[in-house]
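Here is the structure we will look at.
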Amino acid sequence: MSSSLKNLSDFSHIQVGNAADLKFAIVVSQWNSQVTGALLNGAYAGLLAHGAVEENIELIEVPGSYELIAGSDMALRNKELDAVIALGCVIQGETRHFDFICQAVGTELAQVGLKHSKPVIFGVLTTDNLAQAMDRAGGKHGNKGEEAAITAIQMGLIHRSH
Ligand SMILES: Nc1c(NC[C@H](O)[C@H](O)[C@H](O)CO)[nH]c(=O)[nH]c1=O
Ligand SMILES: CC(=O)[C@@H](O)COP(=O)(O)O
C-alpha cells in the first residue's frame with residue numbers, strides 16, 4: 001500500500017538542521033482532539049528534538065480545521081515568526097462538507113504563507129475514518145505532526161538564508 005512506502009517519520013536519512021534560533025507558531029484545531037492532541041505532541045517533540053526552545057513556540061488553538069486559515073494569518077502578524085505549523089484532522093462524514101473543508105484549508109493555508117512570505121506547514125490529516133487518522137498521529141504510519149515540525153525547521157532555515 002502506498003502509505004507503507006512513504007512514512008516520513010523516519011528522519012534518519014534527513015539532515016534537519018538546528019532550530020535553536022527559530023521561532024514557531026503551532027496552530028491546532030480542537031475538532032477530533034484525540035487526534036490533533038497526538039499531532040501536537042508529535043510536533044512539539046520534533047521541534048524540541050532538533051534544538052527549538054519552548055519560549056520560541058507559540059500555541060494557538062482554533063475550533064476546527066477551517067479556522068486554521070484565520071489562525072495562521074493571525075499568528076503571522078508576529079513578524080518574528082519563522083514558520084507556522086497548522087495541525088488538524090478532517091474526517092469524512094455523510095456529506096460533501098469534508099471536500100469543501102479540505103479544499104479550502106489546503107488552498108488557503110498556502111495563500112496565507114504567500115501573503116506573509118513565511119512557511120505555513122500543512123499538518124492536516126484528511127481521512128476516511130478515525131482509524132486512518134490515529135495511524136498517522138503516532139500509529140503505524142508515524143506522526144504527521146512530527147513530520148510537519150521537521151518540515152517547519154527545514155523551511156524556517158531556508159527562509160532565514162534567502
Ligand atoms: N467535520 C470536521 C470539521 N468541521 C468544522 C469546520 O472545520 C469548521 O470549524 C466549521 O465549518 C465552522 O467554520 N473540522 C475539522 O477540523 N474536522 C472535521 O472532521
Ligand atoms: C468533515 C465534516 O465536516 C464532517 O465531519 C461533517 O459530517 P457530515 O458530512 O456528516 O455533516
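Scheme for the C-alpha cells: letters A, B, ... for chains in order shown; per-chain residue numbers from 1; ligand numbers from 1 in order shown.
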Go through the chains and note each residue within 12 Å of ligand 1, using only C-alpha atoms and all ligand atoms, then give the set as an NGL selection string. :A and (27-36 or 61-71 or 86-105 or 123-130 or 133)
Report as a VMD selection string all protein, DNA and RNA residues lying within 7 Å of A:His50, evaluated on only C-alpha atoms, omitting residues in the same chain fewer than 3 positions from it. chain A and resid 18 to 19 46 to 47
Let me see the file: selected residues, C-alpha atoms, as an mmCIF file, in the first residue's frame.
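Below is the file that was written, part-v6.cif:
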```
data_model
loop_
_atom_site.group_PDB
_atom_site.id
_atom_site.type_symbol
_atom_site.label_atom_id
_atom_site.label_comp_id
_atom_site.auth_asym_id
_atom_site.auth_seq_id
_atom_site.Cartn_x
_atom_site.Cartn_y
_atom_site.Cartn_z
ATOM 1 C CA ASN A 18 19.344 23.212 14.268
ATOM 2 C CA ALA A 19 16.158 25.036 15.297
ATOM 3 C CA GLY A 46 10.010 17.127 16.684
ATOM 4 C CA LEU A 47 10.823 20.773 17.348
#
```
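Counting from atom CA of A:Phe122, the distance to atom CA of A:Lys140 is 20.2 Å.
Using only C-alpha atoms, the shortest contact distance between A:Glu80 and any of A:Asn56, A:Ser161, A:Gln132, A:Thr107 is found at A:Asn56.
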Name all residues at most 8 Å from A:Ala137 (count only C-alpha atoms; drop same-chain ones fewer than 2 positions away) and give them as a VMD selection string. chain A and resid 35 to 36 38 to 39 42 133 to 135 139 141 to 145
Using C-alpha atoms, can you export the residues from the last selection as a tab-separated table (two decimals), in the first residue's frame?
```
chain	number	residue	atom	x	y	z
A	35	VAL	CA	-6.04	13.02	17.03
A	36	THR	CA	-4.95	16.66	16.97
A	38	ALA	CA	-1.37	13.49	19.37
A	39	LEU	CA	-0.29	15.52	16.34
A	42	GLY	CA	4.50	14.93	17.86
A	133	ALA	CA	-6.18	9.30	11.44
A	134	MET	CA	-4.89	7.52	14.54
A	135	ASP	CA	-2.48	5.52	12.38
A	139	GLY	CA	0.46	4.93	14.99
A	141	HIS	CA	2.26	5.34	9.80
A	142	GLY	CA	4.14	7.63	12.12
A	143	ASN	CA	3.16	11.07	13.38
A	144	LYS	CA	2.31	13.69	10.79
A	145	GLY	CA	2.68	16.34	13.47
```
As an MDAnalysis selection string, please: the residues near A:Val16 (cut-off 10 Å, only C-alpha atoms, same-chain neighbours under 6 positions excluded). chainID A and resid 50 150:155 157
Spatial neighbours of A:Arg77, 12 Å, only C-alpha atoms, chain gap at least 2 places, as a PDB file with C-alpha atoms, in the first residue's frame:
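Final file, selection09.pdb:
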```pdb
ATOM      1  CA  ALA A  25       3.634  29.106  15.965  1.00  0.00           C
ATOM      2  CA  ALA A  70      -7.572  32.581  10.012  1.00  0.00           C
ATOM      3  CA  GLY A  71      -5.488  31.343  12.950  1.00  0.00           C
ATOM      4  CA  SER A  72      -2.368  31.061  10.807  1.00  0.00           C
ATOM      5  CA  ASP A  73      -2.975  34.505   9.350  1.00  0.00           C
ATOM      6  CA  MET A  74      -3.333  35.979  12.852  1.00  0.00           C
ATOM      7  CA  ALA A  75      -0.176  34.196  14.017  1.00  0.00           C
ATOM      8  CA  LYS A  79       6.760  39.291  12.065  1.00  0.00           C
ATOM      9  CA  GLU A  80       9.394  37.500  14.127  1.00  0.00           C
ATOM     10  CA  LEU A  81       7.922  34.067  13.363  1.00  0.00           C
ATOM     11  CA  ASP A  82       9.988  31.835  11.095  1.00  0.00           C
ATOM     12  CA  ALA A  83       7.276  29.272  10.354  1.00  0.00           C
ATOM     13  CA  VAL A  84       3.721  28.255  11.236  1.00  0.00           C
ATOM     14  CA  VAL A 112      -1.582  32.728   3.854  1.00  0.00           C
ATOM     15  CA  GLY A 113       2.041  31.661   3.582  1.00  0.00           C
ATOM     16  CA  LYS A 115       0.727  36.610   1.737  1.00  0.00           C
ATOM     17  CA  HIS A 116       3.239  36.804   4.590  1.00  0.00           C
ATOM     18  CA  SER A 117       6.217  35.300   2.719  1.00  0.00           C
ATOM     19  CA  LYS A 118       6.578  32.759   5.513  1.00  0.00           C
TER      20      LYS A 118
END
```
Return as a PyMOL selection string the full set of residues in stretch 20-130 of chain A whose backbone-based DSSP assignment is alpha helix (DSSP H). chain A and resi 33-49+68-75+97-116+130
In Å, with one decimal, what is the gap from atom CA of A:Ala149 to atom CA of A:Ala110?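 Interatomic distance, atom CA of A:Ala149 to atom CA of A:Ala110: 16.5 Å.
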Which of stretch 21-111 of chain A fall in strand (DSSP E), as a PyMOL selection string: chain A and resi 24-29+57-62+83-91
